[in-house]
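Structure file data-v4.txt; described as compact mmCIF, C-alpha atoms.
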# COMPACT_ATOMS: atom_id res chain seq x y z
CA MET Y 60 -27.78 -34.76 18.01
CA ASN Y 61 -30.73 -32.49 18.62
CA PRO Y 62 -31.44 -30.47 15.39
CA ARG Y 63 -31.44 -27.27 17.42
CA HIS Y 64 -27.96 -28.09 18.70
CA ARG Y 65 -26.77 -28.86 15.18
CA ARG Y 66 -28.00 -25.49 13.90
CA LEU Y 67 -25.87 -23.79 16.54
CA LEU Y 68 -22.77 -25.93 16.20
CA ILE Y 69 -22.28 -26.12 12.44
CA PRO Y 70 -22.00 -22.32 11.88
CA GLY Y 71 -19.70 -22.17 14.88
CA LEU Y 72 -17.40 -24.85 13.51
CA LEU Y 73 -17.27 -23.05 10.17
CA VAL Y 74 -16.21 -19.85 11.93
CA VAL Y 75 -13.46 -21.74 13.77
CA LEU Y 76 -12.25 -23.25 10.50
CA VAL Y 77 -12.03 -19.83 8.85
CA VAL Y 78 -10.10 -18.42 11.80
CA VAL Y 79 -7.64 -21.33 11.74
CA VAL Y 80 -7.04 -20.93 8.00
CA VAL Y 81 -6.47 -17.17 8.29
CA VAL Y 82 -4.16 -17.40 11.30
CA SER Y 83 -2.17 -20.27 9.76
CA SER Y 84 -1.75 -18.48 6.45
CA ILE Y 85 -0.56 -15.26 8.05
CA ALA Y 86 1.76 -17.10 10.41
CA ARG Y 87 3.37 -19.03 7.55
CA ARG Y 88 3.91 -15.94 5.44
CA ALA Y 89 5.16 -13.82 8.34
CA GLU Y 90 7.60 -16.57 9.33
CA ALA Y 91 8.91 -16.83 5.78
CA ALA Y 92 9.45 -13.09 5.63
CA THR Y 93 11.06 -12.65 9.03
CA LEU Y 94 13.00 -15.74 10.01
CA GLY Y 95 16.42 -16.13 8.51
CA GLN Y 96 15.90 -13.85 5.53
CA GLU Y 97 17.96 -10.70 5.18
CA ALA Y 98 16.35 -7.40 4.27
CA THR Y 99 17.15 -6.18 0.77
CA PRO Y 100 19.88 -3.47 0.76
CA SER Y 101 18.63 0.10 1.03
CA ARG Y 102 19.83 3.66 1.60
CA VAL Y 103 18.30 6.33 3.81
CA VAL Y 104 17.69 9.23 1.44
CA SER Y 105 16.06 11.72 3.82
CA THR Y 106 13.73 12.16 6.78
CA ILE Y 107 10.29 13.77 6.57
CA ASP Y 108 10.28 15.77 9.78
CA ASP Y 109 7.52 18.27 8.99
CA PRO Y 110 5.03 18.09 11.92
CA ARG Y 111 2.10 18.24 9.49
CA ILE Y 112 3.02 14.84 8.02
CA THR Y 113 2.43 12.13 10.60
CA GLU Y 114 0.59 9.48 8.56
CA SER Y 115 2.24 9.43 5.15
CA SER Y 116 0.07 6.92 3.33
CA GLY Y 117 0.72 7.70 -0.33
CA LEU Y 118 3.84 8.59 -2.32
CA ALA Y 119 4.44 9.69 -5.91
CA VAL Y 120 7.70 10.82 -7.53
CA SER Y 121 7.57 13.57 -10.13
CA THR Y 122 8.89 12.88 -13.62
CA ARG Y 123 8.75 16.57 -14.56
CA HIS Y 124 10.52 18.16 -11.62
CA ALA Y 125 13.89 16.84 -10.45
CA ASP Y 126 14.23 15.88 -6.79
CA LEU Y 127 10.51 16.26 -6.13
CA ALA Y 128 7.94 13.86 -4.69
CA TYR Y 129 4.50 14.14 -3.15
CA THR Y 130 2.82 12.59 -0.15
CA ILE Y 131 -0.56 12.65 1.52
CA ASN Y 132 -1.78 11.87 5.02
CA ASP Y 133 -4.13 9.08 5.98
CA SER Y 134 -7.68 9.56 7.29
CA GLY Y 135 -8.50 12.39 9.68
CA HIS Y 136 -6.60 15.08 7.77
CA GLY Y 137 -7.52 17.80 5.32
CA PRO Y 138 -7.33 17.39 1.51
CA GLU Y 139 -3.71 18.54 1.25
CA ILE Y 140 -0.92 17.32 -1.01
CA PHE Y 141 2.62 17.91 0.28
CA ALA Y 142 5.46 18.46 -2.18
CA LEU Y 143 8.76 17.11 -0.83
CA ARG Y 144 12.40 17.65 -1.71
CA VAL Y 145 13.44 14.01 -1.98
CA SER Y 146 17.07 14.60 -1.05
CA THR Y 147 16.27 16.49 2.16
CA GLY Y 148 12.70 15.55 3.13
CA GLU Y 149 11.80 19.26 3.27
CA VAL Y 150 8.25 20.31 2.41
CA VAL Y 151 8.51 22.76 -0.51
CA GLY Y 152 4.85 23.09 -1.37
CA VAL Y 153 1.30 22.42 -0.23
CA THR Y 154 -1.69 22.06 -2.53
CA THR Y 155 -5.22 22.18 -1.12
CA VAL Y 156 -7.89 20.36 -3.10
CA THR Y 157 -11.13 22.32 -2.73
CA GLY Y 158 -14.70 21.06 -2.80
CA VAL Y 159 -13.89 17.55 -1.57
CA THR Y 160 -14.28 15.66 1.68
CA TRP Y 161 -11.82 12.79 1.79
CA ARG Y 162 -12.47 10.03 4.31
CA ASP Y 163 -9.48 7.69 4.01
CA THR Y 164 -6.90 8.59 1.36
CA GLU Y 165 -4.47 5.72 1.00
CA ALA Y 166 -2.56 6.01 -2.28
CA MET Y 167 -1.45 8.35 -5.03
CA ALA Y 168 0.21 8.16 -8.45
CA ILE Y 169 1.12 10.35 -11.42
CA ASP Y 170 0.21 9.28 -14.95
CA GLY Y 171 2.19 9.80 -18.14
CA ASP Y 172 0.35 13.04 -18.91
CA GLY Y 173 1.33 14.69 -15.64
CA ARG Y 174 -2.01 14.17 -13.91
CA MET Y 175 -1.96 13.34 -10.22
CA TRP Y 176 -4.36 10.72 -8.94
CA VAL Y 177 -5.42 10.25 -5.31
CA ALA Y 178 -7.27 7.15 -4.11
CA ASP Y 179 -9.83 7.76 -1.37
CA THR Y 180 -10.37 4.02 -1.09
CA GLY Y 181 -9.45 3.04 2.46
CA ASP Y 182 -12.21 1.03 4.14
CA ASN Y 183 -11.04 -0.81 7.24
CA ASP Y 184 -14.59 -1.69 8.28
CA ALA Y 185 -15.76 -2.69 4.77
CA VAL Y 186 -18.80 -0.42 4.92
CA ARG Y 187 -18.08 2.39 2.47
CA ARG Y 188 -20.15 3.09 -0.63
CA ASP Y 189 -18.44 6.35 -1.58
CA VAL Y 190 -14.89 5.29 -2.55
CA ALA Y 191 -13.45 7.21 -5.50
CA LEU Y 192 -10.38 8.36 -7.38
CA TYR Y 193 -9.58 12.06 -7.79
CA ALA Y 194 -7.47 13.59 -10.57
CA PHE Y 195 -5.85 17.00 -11.08
CA ASP Y 196 -2.72 18.46 -12.64
CA GLU Y 197 0.56 17.81 -10.87
CA PRO Y 198 1.04 20.98 -8.78
CA GLY Y 199 4.82 21.28 -8.36
CA GLU Y 200 6.38 23.44 -5.67
CA GLY Y 201 4.71 26.35 -3.86
CA GLU Y 202 1.28 26.98 -2.35
CA HIS Y 203 -1.68 26.11 -4.56
CA SER Y 204 -5.42 25.56 -4.52
CA THR Y 205 -7.03 23.30 -7.10
CA THR Y 206 -10.18 21.38 -7.96
CA ALA Y 207 -10.27 17.71 -8.88
CA LYS Y 208 -12.34 15.45 -11.05
CA ARG Y 209 -14.01 12.63 -9.12
CA TYR Y 210 -14.36 9.09 -10.47
CA PRO Y 211 -16.54 6.82 -8.26
CA VAL Y 212 -15.52 3.19 -7.84
CA LYS Y 213 -17.74 0.20 -7.12
CA TYR Y 214 -16.61 -3.40 -6.58
CA THR Y 215 -18.50 -6.43 -7.84
CA THR Y 216 -17.78 -8.34 -4.62
CA GLY Y 217 -18.96 -5.66 -2.20
CA SER Y 218 -16.87 -3.30 -0.09
CA GLN Y 219 -13.09 -3.69 -0.17
CA ASP Y 220 -10.25 -2.12 1.77
CA VAL Y 221 -7.83 -0.76 -0.85
CA GLU Y 222 -4.56 1.04 -0.09
CA SER Y 223 -2.80 0.60 -3.45
CA LEU Y 224 -3.19 2.50 -6.72
CA ALA Y 225 -0.75 2.14 -9.63
CA ILE Y 226 -0.79 3.68 -13.10
CA ASP Y 227 1.08 2.46 -16.17
CA PRO Y 228 2.94 5.59 -17.35
CA THR Y 229 3.13 4.23 -20.91
CA THR Y 230 -0.57 3.45 -21.45
CA GLY Y 231 -2.50 5.01 -18.58
CA ARG Y 232 -3.79 1.63 -17.33
CA LYS Y 233 -4.83 1.80 -13.70
CA VAL Y 234 -4.94 -0.95 -11.10
CA LEU Y 235 -6.08 -1.21 -7.50
CA VAL Y 236 -4.81 -3.88 -5.09
CA THR Y 237 -7.03 -4.98 -2.22
CA LYS Y 238 -5.68 -5.27 1.32
CA GLY Y 239 -6.78 -8.86 1.88
CA LEU Y 240 -5.91 -11.02 4.89
CA LEU Y 241 -5.04 -14.00 2.71
CA ASP Y 242 -3.82 -12.24 -0.42
CA GLY Y 243 -4.32 -9.10 -2.46
CA GLN Y 244 -6.54 -9.00 -5.53
CA VAL Y 245 -5.16 -7.02 -8.47
CA LEU Y 246 -8.08 -5.17 -10.05
CA THR Y 247 -7.92 -3.33 -13.37
CA LEU Y 248 -10.03 -0.22 -13.87
CA PRO Y 249 -11.84 0.57 -17.13
CA GLU Y 250 -9.70 2.26 -19.77
CA LYS Y 251 -12.02 5.28 -19.82
CA LEU Y 252 -13.33 6.38 -16.43
CA SER Y 253 -16.73 7.96 -15.83
CA GLU Y 254 -17.43 10.89 -13.54
CA THR Y 255 -21.15 10.11 -13.34
CA GLU Y 256 -21.40 6.30 -13.24
CA PRO Y 257 -19.57 3.88 -10.91
CA ASN Y 258 -16.35 2.53 -12.40
CA VAL Y 259 -16.26 -1.22 -11.81
CA PRO Y 260 -12.77 -2.78 -11.81
CA GLU Y 261 -12.18 -6.29 -13.12
CA ASP Y 262 -10.30 -8.97 -11.21
CA THR Y 263 -7.15 -10.09 -13.03
CA ALA Y 264 -7.20 -13.35 -11.01
CA ALA Y 265 -3.69 -12.48 -9.85
CA ALA Y 266 -2.91 -13.18 -6.20
CA SER Y 267 -0.50 -10.68 -4.70
CA LEU Y 268 0.78 -10.08 -1.17
CA LEU Y 269 -1.58 -10.22 1.77
CA LEU Y 270 -2.22 -6.89 3.54
CA ALA Y 271 -0.94 -4.86 0.57
CA THR Y 272 -0.28 -1.24 1.54
CA ASP Y 273 0.94 0.28 -1.75
CA ALA Y 274 1.90 -0.48 -5.34
CA ALA Y 275 3.74 1.22 -8.19
CA TRP Y 276 4.16 0.61 -11.93
CA SER Y 277 7.67 0.65 -13.38
CA PRO Y 278 8.45 3.50 -15.82
CA ASP Y 279 8.74 1.09 -18.77
CA GLY Y 280 5.29 -0.34 -18.07
CA ARG Y 281 6.55 -3.91 -17.66
CA TRP Y 282 6.43 -4.48 -13.91
CA LEU Y 283 4.10 -3.86 -11.00
CA VAL Y 284 5.64 -3.82 -7.51
CA VAL Y 285 3.29 -4.42 -4.57
CA ARG Y 286 4.38 -3.98 -0.98
CA ASN Y 287 3.07 -4.82 2.47
CA TYR Y 288 4.60 -4.35 5.92
CA LEU Y 289 7.25 -7.02 5.30
CA GLN Y 290 7.84 -7.63 1.62
CA ALA Y 291 7.72 -6.29 -1.93
CA ALA Y 292 6.56 -8.53 -4.78
CA THR Y 293 7.20 -7.89 -8.49
CA LEU Y 294 4.48 -8.92 -10.94
CA ASP Y 295 4.86 -9.25 -14.70
CA THR Y 296 2.04 -7.07 -16.07
CA THR Y 297 1.70 -9.16 -19.23
CA THR Y 298 0.79 -12.30 -17.27
CA TRP Y 299 0.13 -10.94 -13.74
CA LYS Y 300 2.41 -13.64 -12.38
CA THR Y 301 4.64 -12.88 -9.40
CA VAL Y 302 8.25 -13.20 -10.59
CA SER Y 303 10.16 -12.22 -7.44
CA THR Y 304 9.72 -11.23 -3.81
CA VAL Y 305 12.14 -9.40 -1.52
CA THR Y 306 12.14 -8.72 2.21
CA LEU Y 307 11.92 -5.01 2.98
CA PRO Y 308 13.87 -3.13 5.66
CA ASP Y 309 12.17 -2.76 9.01
CA GLN Y 310 9.83 0.26 9.21
CA GLU Y 311 7.38 1.49 11.83
CA GLN Y 312 4.38 1.09 9.52
CA GLY Y 313 5.53 0.81 5.93
CA GLU Y 314 2.75 2.09 3.68
CA THR Y 315 4.28 3.81 0.65
CA LEU Y 316 6.21 2.86 -2.48
CA ALA Y 317 7.01 4.86 -5.62
CA PHE Y 318 9.34 4.24 -8.56
CA GLU Y 319 11.99 6.80 -9.39
CA PRO Y 320 12.11 8.04 -13.01
CA GLY Y 321 15.10 5.96 -14.09
CA GLY Y 322 13.35 2.71 -13.19
CA THR Y 323 16.41 1.28 -11.44
CA SER Y 324 15.17 2.09 -7.95
CA TYR Y 325 12.11 2.89 -5.91
CA LEU Y 326 11.44 4.76 -2.68
CA ILE Y 327 9.57 3.38 0.31
CA GLY Y 328 8.22 5.25 3.31
CA SER Y 329 6.28 4.78 6.51
CA GLU Y 330 3.58 6.35 8.59
CA GLY Y 331 4.69 8.03 11.81
CA LYS Y 332 6.56 11.16 12.81
CA ASP Y 333 10.03 11.78 11.37
CA SER Y 334 9.61 8.93 8.88
CA GLU Y 335 12.49 8.04 6.58
CA LEU Y 336 12.49 7.74 2.82
CA LEU Y 337 14.51 4.68 1.81
CA ARG Y 338 15.88 3.93 -1.66
CA ILE Y 339 15.91 0.32 -2.88
CA GLY Y 340 17.49 -0.89 -6.11
CA PHE Y 341 15.00 -2.55 -8.43
CA SER Y 342 15.43 -5.83 -10.24
CA SER Y 343 12.77 -8.21 -11.52
CA GLU Y 344 14.96 -11.08 -10.28
CA ASP Y 345 15.01 -12.46 -6.76
CA GLU Y 346 18.59 -11.30 -6.29
CA ALA Y 347 18.91 -7.90 -4.63
CA ALA Y 348 19.76 -5.12 -7.05
CA PRO Y 349 22.52 -2.58 -6.32
CA VAL Y 350 21.21 0.50 -4.55
CA PRO Y 351 21.92 3.59 -6.69
CA SER Y 352 23.76 6.27 -4.76
CA ALA Y 353 21.85 8.82 -6.77
CA THR Y 354 19.21 8.73 -9.50
CA SER Y 355 17.51 11.17 -11.82
CA THR Y 356 15.32 12.23 -8.92
CA PRO Y 357 17.88 13.39 -6.32
CA PRO Y 358 20.95 15.16 -7.75
CA ALA Y 359 24.21 13.34 -7.12
CA GLY Y 360 25.79 14.20 -3.81
CA SER Y 361 22.70 15.84 -2.32
CA GLY Y 362 21.17 14.70 0.92
CA PRO Y 363 22.17 11.90 3.26
CA GLN Y 364 22.90 8.52 1.68
CA GLU Y 365 23.28 6.25 4.69
CA GLU Y 366 23.22 2.60 3.68
CA THR Y 367 21.47 0.21 5.96
CA ASP Y 368 23.23 -2.84 7.35
CA ASP Y 369 22.01 -5.48 4.92
CA SER Y 370 23.57 -8.28 6.94
CA SER Y 371 21.06 -7.91 9.74
CA VAL Y 372 18.03 -10.19 9.96
CA LEU Y 373 14.71 -8.38 9.69
CA GLN Y 374 12.72 -8.30 12.92
CA PRO Y 375 8.94 -7.95 13.15
CA THR Y 376 7.70 -4.36 13.49
CA ALA Y 377 5.25 -3.11 16.08
CA ALA Y 378 2.51 -3.14 13.44
CA GLU Y 379 3.14 -6.82 12.67
CA ILE Y 380 3.26 -7.79 16.33
CA ALA Y 381 0.01 -5.91 16.87
CA LEU Y 382 -1.50 -7.64 13.86
CA GLY Y 383 -0.56 -11.09 15.13
CA GLY Y 384 -1.77 -10.27 18.63
CA GLY Y 385 -5.02 -8.86 17.32
CA ILE Y 386 -5.73 -11.95 15.24
CA GLY Y 387 -4.92 -14.15 18.20
CA VAL Y 388 -7.32 -12.21 20.43
CA ALA Y 389 -9.99 -12.37 17.74
CA ALA Y 390 -9.55 -16.14 17.49
CA LEU Y 391 -9.88 -16.53 21.26
CA VAL Y 392 -13.01 -14.38 21.31
CA LEU Y 393 -14.56 -16.42 18.51
CA LEU Y 394 -13.68 -19.71 20.18
CA GLY Y 395 -15.09 -18.42 23.43
CA GLY Y 396 -18.30 -17.52 21.63
CA ILE Y 397 -18.55 -21.02 20.16
CA ALA Y 398 -18.05 -22.55 23.60
CA LEU Y 399 -20.86 -20.37 24.94
CA LEU Y 400 -23.13 -21.54 22.13
CA VAL Y 401 -22.32 -25.15 22.95
CA ARG Y 402 -23.13 -24.65 26.62
CA ARG Y 403 -26.42 -22.97 25.76
CA ALA Y 404 -27.27 -25.75 23.29
CA ARG Y 405 -26.87 -28.35 26.02
CA ARG Y 406 -29.31 -26.63 28.31

In structure tokens, write the structure found in this file.
Amino acid sequence: MNPRHRRLLIPGLLVVLVVVVVVSSIARRAEAATLGQEATPSRVVSTIDDPRITESSGLAVSTRHADLAYTINDSGHGPEIFALRVSTGEVVGVTTVTGVTWRDTEAMAIDGDGRMWVADTGDNDAVRRDVALYAFDEPGEGEHSTTAKRYPVKYTTGSQDVESLAIDPTTGRKVLVTKGLLDGQVLTLPEKLSETEPNVPEDTAAASLLLATDAAWSPDGRWLVVRNYLQAATLDTTTWKTVSTVTLPDQEQGETLAFEPGGTSYLIGSEGKDSELLRIGFSSEDEAAPVPSATSTPPAGSGPQEETDDSSVLQPTAAEIALGGGIGVAALVLLGGIALLVRRARR
């Protein structure tokens, strides 16, 4: 073969190989999560119907205020934290963080000292050099204005799209989970963060779910739960091994997860208007845990407690269909490009 032809064909074949591996991996995992597996039991706790919240991309449940949680919008919105009544979905407070320009806020968490952390770490195009965490006191209900401390983050492997932040409430350990196409990397941040120098997280070598959209640490510090659009995986934080995986209920674009204070359940939510907060019983085993009718977060008997039909088979969401279609189109475009290179090489 002409050397010039070989120079064109070999990179093209490598691209095709990568595309095949990615598409096959996603197809296998999507099939395992959607075909024949029942969604874990859940209860509809409330609906967030405030028109200001259309892209709920982070969720944190208060341990100091009963029946209170917080959420934040995705990119394209102001630096506002919304306080929610868990049992009703009503917005009972808004806190504006001054002096910041957030580009793509994707996650939030509250540490054991009552500090709220927001991760401005979304990077769909893998081009950002300004990702950072922001910390300030948990605001509670009412209207507030606050400033935040900024902690820059830099990855050893270049830009990463990260939508998951979790904090161990017992030690303050912080982890980020990348939103990888093949799997999610669990990265641990330094114990003491710097406001002036980039904070470089270390890879735990743990492989979590692909396309991870949120994560939360259990109140006892033992477990890390990572979610994506289809599943939730529980990792043992002493070994970083995945010990169980459950199929989540169907959501429009499931992007949030937060433990409730008792540790026996967690809440999940979705982007979109009028999004529901769902409660799921937590167990480190593969068997589905009972869904508590009420926990230490919502008072017993308050708010709707509609239980989903756990006998139904989970169907792919619009986001997953779009994902599969988008990857298929990308593969066709790449293959078309390779064919064009071949034709040109033969001329």

Test item: residues at most 12 Å from Ala185 in chain Y, all atoms listed in the file, excluding those fewer than 3 positions along its chain, as a list in words: Thr180, Gly181, Asp182, Arg188, Asp189, Val190, Tyr214, Thr216, Gly217, Ser218, Gln219, Asp220, Val221, Thr237, Lys238 and Gly239 of chain Y

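Interatomic distance, CA of His136 in chain Y against CA of Ala291 in chain Y: 27.5 Å.
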
Between CA of Arg111 in chain Y and CA of Tyr325 in chain Y, what is the spacing in Å? 23.9 Å

Contacts of Tyr129 in chain Y within 12 Å, only C-alpha atoms, excl. fewer than 4 positions in-chain, as number ranges by chain: Y: 107, 112, 115-122, 124, 139-145, 148-154, 166-169, 175-177, 197-200, 315-317, 326, 328, 336

Pull C-alpha atoms from the residues just selected and write them as an mmCIF file, keeping the file's coordinate frame.
data_model
loop_
_atom_site.group_PDB
_atom_site.id
_atom_site.type_symbol
_atom_site.label_atom_id
_atom_site.label_comp_id
_atom_site.auth_asym_id
_atom_site.auth_seq_id
_atom_site.Cartn_x
_atom_site.Cartn_y
_atom_site.Cartn_z
ATOM 1 C CA ILE Y 107 10.290 13.770 6.570
ATOM 2 C CA ILE Y 112 3.020 14.840 8.020
ATOM 3 C CA SER Y 115 2.240 9.430 5.150
ATOM 4 C CA SER Y 116 0.070 6.920 3.330
ATOM 5 C CA GLY Y 117 0.720 7.700 -0.330
ATOM 6 C CA LEU Y 118 3.840 8.590 -2.320
ATOM 7 C CA ALA Y 119 4.440 9.690 -5.910
ATOM 8 C CA VAL Y 120 7.700 10.820 -7.530
ATOM 9 C CA SER Y 121 7.570 13.570 -10.130
ATOM 10 C CA THR Y 122 8.890 12.880 -13.620
ATOM 11 C CA HIS Y 124 10.520 18.160 -11.620
ATOM 12 C CA GLU Y 139 -3.710 18.540 1.250
ATOM 13 C CA ILE Y 140 -0.920 17.320 -1.010
ATOM 14 C CA PHE Y 141 2.620 17.910 0.280
ATOM 15 C CA ALA Y 142 5.460 18.460 -2.180
ATOM 16 C CA LEU Y 143 8.760 17.110 -0.830
ATOM 17 C CA ARG Y 144 12.400 17.650 -1.710
ATOM 18 C CA VAL Y 145 13.440 14.010 -1.980
ATOM 19 C CA GLY Y 148 12.700 15.550 3.130
ATOM 20 C CA GLU Y 149 11.800 19.260 3.270
ATOM 21 C CA VAL Y 150 8.250 20.310 2.410
ATOM 22 C CA VAL Y 151 8.510 22.760 -0.510
ATOM 23 C CA GLY Y 152 4.850 23.090 -1.370
ATOM 24 C CA VAL Y 153 1.300 22.420 -0.230
ATOM 25 C CA THR Y 154 -1.690 22.060 -2.530
ATOM 26 C CA ALA Y 166 -2.560 6.010 -2.280
ATOM 27 C CA MET Y 167 -1.450 8.350 -5.030
ATOM 28 C CA ALA Y 168 0.210 8.160 -8.450
ATOM 29 C CA ILE Y 169 1.120 10.350 -11.420
ATOM 30 C CA MET Y 175 -1.960 13.340 -10.220
ATOM 31 C CA TRP Y 176 -4.360 10.720 -8.940
ATOM 32 C CA VAL Y 177 -5.420 10.250 -5.310
ATOM 33 C CA GLU Y 197 0.560 17.810 -10.870
ATOM 34 C CA PRO Y 198 1.040 20.980 -8.780
ATOM 35 C CA GLY Y 199 4.820 21.280 -8.360
ATOM 36 C CA GLU Y 200 6.380 23.440 -5.670
ATOM 37 C CA THR Y 315 4.280 3.810 0.650
ATOM 38 C CA LEU Y 316 6.210 2.860 -2.480
ATOM 39 C CA ALA Y 317 7.010 4.860 -5.620
ATOM 40 C CA LEU Y 326 11.440 4.760 -2.680
ATOM 41 C CA GLY Y 328 8.220 5.250 3.310
ATOM 42 C CA LEU Y 336 12.490 7.740 2.820
#

Hey, what's within 7 Å of Pro211 in chain Y if we count only C-alpha atoms and toss same-chain stuff fewer than 6 positions away? As a ChimeraX atom specification, please? /Y:189-192,254,256-258

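Compared by their closest atoms to Arg281 in chain Y, and using all atoms listed in the file, the residues Y:Val236, Y:Ile226, Y:Leu252, Y:Ala265 rank with Y:Ile226 nearest.
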
Which one of Y:Pro351, Y:Gly322, Y:Pro308, Y:Gly158 sits closest to Thr205 in chain Y if you count only C-alpha atoms? Y:Gly158

Spatial neighbours of Ser277 in chain Y, 12 Å, only C-alpha atoms, chain gap at least 5 places, as a PyMOL selection string: chain Y and resi 120+168-171+225-230+282-285+293-296+316-325+341-343

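Distances here use only C-alpha atoms; by that measure, the residue among Y:Gln310, Y:Ser223, Y:Thr297, Y:Asn287 closest to Ala274 in chain Y is Y:Ser223.
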
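Between CA of Gly243 in chain Y and CA of Arg174 in chain Y the separation is 26.0 Å.
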
So, with only C-alpha atoms as the atoms that count, which of Y:His203, Y:Thr106, Y:Pro249, Y:Thr99 lies closest to Glu335 in chain Y? Y:Thr106

Please report, as lines of an AutoDock Vina configuration file, the centre and edge lengths in Å to one decimal of an axis-aligned box covering all listed atoms of range 303-318 of chain Y with 5 Å per side.
center_x = 8.3
center_y = -3.7
center_z = 1.6
size_x = 21.1
size_y = 27.1
size_z = 30.4

Reconstructed N, CA and C atoms for range 242-257 of chain Y, given as a CSV table (one decimal), in the coordinates of the input:
chain,number,residue,atom,x,y,z
Y,242,ASP,N,-4.6,-12.7,0.7
Y,242,ASP,CA,-3.8,-12.2,-0.4
Y,242,ASP,C,-4.4,-11.0,-0.9
Y,243,GLY,N,-3.8,-10.3,-1.9
Y,243,GLY,CA,-4.3,-9.1,-2.5
Y,243,GLY,C,-4.8,-9.4,-3.9
Y,244,GLN,N,-6.0,-8.9,-4.2
Y,244,GLN,CA,-6.5,-9.0,-5.5
Y,244,GLN,C,-6.0,-7.8,-6.3
Y,245,VAL,N,-5.6,-8.1,-7.5
Y,245,VAL,CA,-5.2,-7.0,-8.5
Y,245,VAL,C,-6.3,-6.7,-9.4
Y,246,LEU,N,-6.9,-5.5,-9.3
Y,246,LEU,CA,-8.1,-5.2,-10.0
Y,246,LEU,C,-7.7,-4.1,-11.1
Y,247,THR,N,-8.2,-4.3,-12.3
Y,247,THR,CA,-7.9,-3.3,-13.4
Y,247,THR,C,-9.2,-2.5,-13.6
Y,248,LEU,N,-8.9,-1.2,-13.7
Y,248,LEU,CA,-10.0,-0.2,-13.9
Y,248,LEU,C,-10.3,-0.1,-15.4
Y,249,PRO,N,-11.5,0.3,-15.7
Y,249,PRO,CA,-11.8,0.6,-17.1
Y,249,PRO,C,-10.9,1.6,-17.8
Y,250,GLU,N,-10.6,1.4,-19.1
Y,250,GLU,CA,-9.7,2.3,-19.8
Y,250,GLU,C,-10.2,3.7,-19.7
Y,251,LYS,N,-11.5,3.9,-19.9
Y,251,LYS,CA,-12.0,5.3,-19.8
Y,251,LYS,C,-12.9,5.4,-18.6
Y,252,LEU,N,-12.6,6.3,-17.7
Y,252,LEU,CA,-13.3,6.4,-16.4
Y,252,LEU,C,-14.5,7.4,-16.6
Y,253,SER,N,-15.5,7.1,-15.8
Y,253,SER,CA,-16.7,8.0,-15.8
Y,253,SER,C,-16.8,8.8,-14.6
Y,254,GLU,N,-17.2,10.0,-14.7
Y,254,GLU,CA,-17.4,10.9,-13.5
Y,254,GLU,C,-18.8,10.8,-13.0
Y,255,THR,N,-19.7,10.2,-13.7
Y,255,THR,CA,-21.2,10.1,-13.3
Y,255,THR,C,-21.6,8.7,-13.0
Y,256,GLU,N,-21.0,7.7,-13.5
Y,256,GLU,CA,-21.4,6.3,-13.2
Y,256,GLU,C,-20.3,5.6,-12.5
Y,257,PRO,N,-20.6,4.6,-11.6
Y,257,PRO,CA,-19.6,3.9,-10.9
Y,257,PRO,C,-18.6,3.2,-11.9
